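**Q** Quick one: the structure is below, and I'll ask about it shortly.
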Amino acid sequence: MAIDRASTPCVAQFTFDPSVVDFSLPHPTEPRAWNIKSCCDIPGLETRLTRGARPSMIETMDNPVAAEHIRHVTPDEAAKAAARRRRAGEESSLSVTRRARKIQRILAETYPYAVAELDFDDAWQLLVATVLSAQTTDVRVNSVTPILFATYPGPQDLAEAESESVQEIVRPLGFYRSKARSIQALANRVVDEYNGEVPGKLKDLVTLPGVGRKTANVVLGNAFGVPGVTVDTHFGRLARRLGWTTQEDPVKVEKDVTALFPPKVWTELSHELIYHGRRICHSRKPACGVCPIADLCPSYGEGPTDPQVARKLLAYELKPGREELLDRYMNGATRRELRAEGHTLSA
Ligand code: SF4
């Protein structure tokens, strides 16, 4: 591959020679010139191209790291699959199950780094962080919990704390009075009834103040290793778009979705679907044109199908310009490590 940098600092011209680079797609049959904005700042691009990253994918996604690792579905393939599905009418339950499992495998490959986005060291911290995350973002909760847990490390400390002081710490999250009240009531119950230990059973967790089924499943799945599906707003929306359920009620969504998958994938499926909902399958404008499961989704076309338009909707580490962050995730960096390195993990 001949690389010929143009004189403009942030624009380079790459010339691909197919006799040197095997692109594995029939795409460039001729050596071709290709302009990439800001390519001087794209780490590892040359290596990726030399290893055979597909230029058609890189062209349709401004983030070349994402382009290399995300499954690429052409608009034509996706449109044909959607038309086939419409012609076939209602799918059999076996077909829905097979399709759902295939989708899960692709999402697992797309987001191998998907984990709970709330920071925690133990079940108590996760329980408190999840209760605090109501009506705010995980990023905001993660900015508050280090101070909260440094000041009041365990349930006993929080139960005995001055309520004004707790309110002051959680103030950035909004609804700070009721949030402070909730977590102190939670601390009291955990101390009084469970000897300061978070119970590891759904039936006990849901009796704690401020803890519903969603919070209980988050704690069970991520702190106790008990499989659970977390039906939040993203999960519910995607499960409906993917044709896994028609229900709106989270408990019914959970029932329909858990019937499609073995328990061992429930927790990771929750993370993967939530990641997909935050990064690609947005509520208002899903980025269908760059979606790795476009040919398996009955709702393909709810958002822009033109890849050039869709790629502008990508968020978080898939966004153009965030190649370094995605690369670090793909190489196993944790969210805390990334923050310590100065990366911003919000959209
Ligand atoms: S982005 Fe579009 S194609 Fe992908 S899952 Fe969402 S609705 Fe379906």
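FYI, nothing fancy with the structure tokens labels: chains A, B, ... in order, residues from 1 per chain, ligands from 1 as they appear.
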Residues within 8 Å of segment 87-97 of chain A, please, as a list in words. Count only C-alpha atoms; anything in the same chain fewer than 4 positions from it doesn't count.
**A**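 Result of the neighbour search: Ala83, Arg101, Gly243, Trp244, Leu260 and Phe261 of chain A.
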**Q** Listing only residues of chain A within 6 Å of ligand 1, what is the closest atom pair and its distance in Å (to one decimal) for each, using only C-alpha atoms and all ligand atoms, sorted by chain and residue number ascending, as a tab-separated table?
**A**
residue	atom	partner	partner_atom_place_in_ligand_line	distance
A:Arg241	CA	ligand 1	7 (S)	6.0
A:Ile280	CA	ligand 1	1 (S)	5.6
A:Cys281	CA	ligand 1	1 (S)	3.9
A:Pro286	CA	ligand 1	1 (S)	4.4
A:Ala287	CA	ligand 1	1 (S)	4.7
A:Cys288	CA	ligand 1	2 (Fe)	3.6
A:Cys291	CA	ligand 1	4 (Fe)	4.6
A:Ile293	CA	ligand 1	4 (Fe)	5.6
A:Ala294	CA	ligand 1	3 (S)	3.8
A:Cys297	CA	ligand 1	8 (Fe)	4.6
A:Ser299	CA	ligand 1	7 (S)	4.7
A:Tyr300	CA	ligand 1	3 (S)	3.9
A:Glu302	CA	ligand 1	7 (S)	5.5
A:Gly303	CA	ligand 1	2 (Fe)	5.9
**Q** Can you measure atom CA of Leu173 of chain A to atom CA of Leu269 of chain A for me? One decimal in Å is fine.
**A**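 It comes out at 27.5 Å.
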**Q** Tell me, as a list in words, which residues lie within 9 Å of Tyr316 of chain A, counting only C-alpha atoms; anything in the same chain fewer than 4 positions away does not count.
**A**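 In the requested form, the answer reads Arg278, Arg279, Arg322, Leu326, Thr344, Leu345, Ser346 and Ala347 of chain A.
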**Q** In Å, rounded to a single decimal, give me how far atom CA of Thr230 of chain A is from atom CA of Glu272 of chain A.
**A** 10.9 Å
**Q** With only C-alpha atoms as the counted atoms, please give the residues lying no more than 8 Å from Leu238 of chain A, apart from itself and same-chain residues fewer than 4 positions off, as an MDAnalysis selection string.
**A** chainID A and resid 234 242 273 277 281
**Q** Store the residues picked out above in a file with N, CA and C atoms, as a compact mmCIF listing (two decimals), in the first residue's frame.
**A**
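What landed in selection.txt:
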# COMPACT_ATOMS: atom_id res chain seq x y z
N HIS A 234 -34.37 1.48 27.21
CA HIS A 234 -33.71 1.03 25.97
C HIS A 234 -34.07 -0.43 25.69
N LEU A 242 -37.32 -5.26 17.69
CA LEU A 242 -36.78 -6.50 17.14
C LEU A 242 -37.83 -7.60 17.02
N LEU A 273 -28.06 -5.03 24.77
CA LEU A 273 -29.22 -4.31 24.21
C LEU A 273 -29.21 -2.84 24.65
N GLY A 277 -28.94 0.33 22.21
CA GLY A 277 -29.94 1.40 22.27
C GLY A 277 -29.31 2.77 22.47
N CYS A 281 -29.32 2.25 18.06
CA CYS A 281 -30.78 2.17 17.89
C CYS A 281 -31.47 3.17 18.82
**Q** Report the residues of segment 138-294 of chain A whose backbone DSSP state falls under alpha helix (DSSP H), written as a ChimeraX atom specification.
**A** /A:138-151,155-160,163-170,176-194,202-205,213-223,233-241,250-258,266-279
**Q** Within 10 Å of segment 192-200 of chain A, which residues of segment 70-181 of chain A show up? Give each one with its shortest atom-to-atom distance in Å (one decimal) and the two atoms involved, counting only C-alpha atoms, rows by chain then rising residue number, as CSV.
**A**
residue,atom,partner,partner_atom,distance
A:Asp122,CA,A:Val198,CA,9.5
A:Ala123,CA,A:Val198,CA,6.5
A:Trp124,CA,A:Val198,CA,6.0
A:Gln125,CA,A:Val198,CA,9.8
A:Leu127,CA,A:Val198,CA,8.2
A:Gly154,CA,A:Gly196,CA,7.9
A:Pro155,CA,A:Gly196,CA,6.1
A:Gln156,CA,A:Gly196,CA,6.8
A:Ala159,CA,A:Asp192,CA,10.0
**Q** To one decimal place in Å, what is the distance between atom CA of Ala66 of chain A and atom CA of Val229 of chain A?
**A**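 Rounded to one decimal, the two atoms are 26.9 Å apart.
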**Q** Set the distance at 9 Å and use only C-alpha atoms: which residues neighbour segment 175-181 of chain A once local chain neighbours fewer than 6 positions away are removed? I'd like the list as number ranges by chain.
**A** A: 131-132, 134-135, 163-164, 166-169
**Q** Env of segment 141-146 of chain A: 9 Å cut, atoms = only C-alpha atoms, seq-sep filter 3 positions within chain, self excluded. Answer as a list in words.
**A** Glu117, Leu118, Asp119, Phe120, Gln125, Val128, Ala129, Thr130, Leu132, Ser133, Thr136, Thr137, Asp138, Phe149, Ala150, Thr151, Ile169, Val170, Arg171, Pro172 and Leu173 of chain A
**Q** Can you check which parts of segment 70-154 of chain A lie within 12 Å of segment 304-308 of chain A? Per residue, the shortest pair of atoms and distance in Å to one decimal, counting only C-alpha atoms, sorted by chain and number, as a tab-separated table.
**A**
residue	atom	partner	partner_atom	distance
A:His72	CA	A:Pro307	CA	10.3
A:Val73	CA	A:Pro307	CA	9.9
A:Thr74	CA	A:Pro307	CA	8.5
A:Pro75	CA	A:Thr305	CA	6.4
A:Asp76	CA	A:Thr305	CA	9.7
A:Glu77	CA	A:Thr305	CA	11.4
A:Ala78	CA	A:Thr305	CA	9.1
A:Ala79	CA	A:Thr305	CA	9.0
**Q** Ranking A:Glu248, A:Gln184, A:Val139, A:Ala81 by minimum distance to Ala161 of chain A and counting only C-alpha atoms, which one comes first?
**A**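 For Ala161 of chain A, the nearest of the given residues is A:Gln184.
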**Q** A:Leu126, A:Arg105, A:Tyr111, A:Ala82: which is nearest Tyr329 of chain A, counting only C-alpha atoms?
**A** A:Tyr111
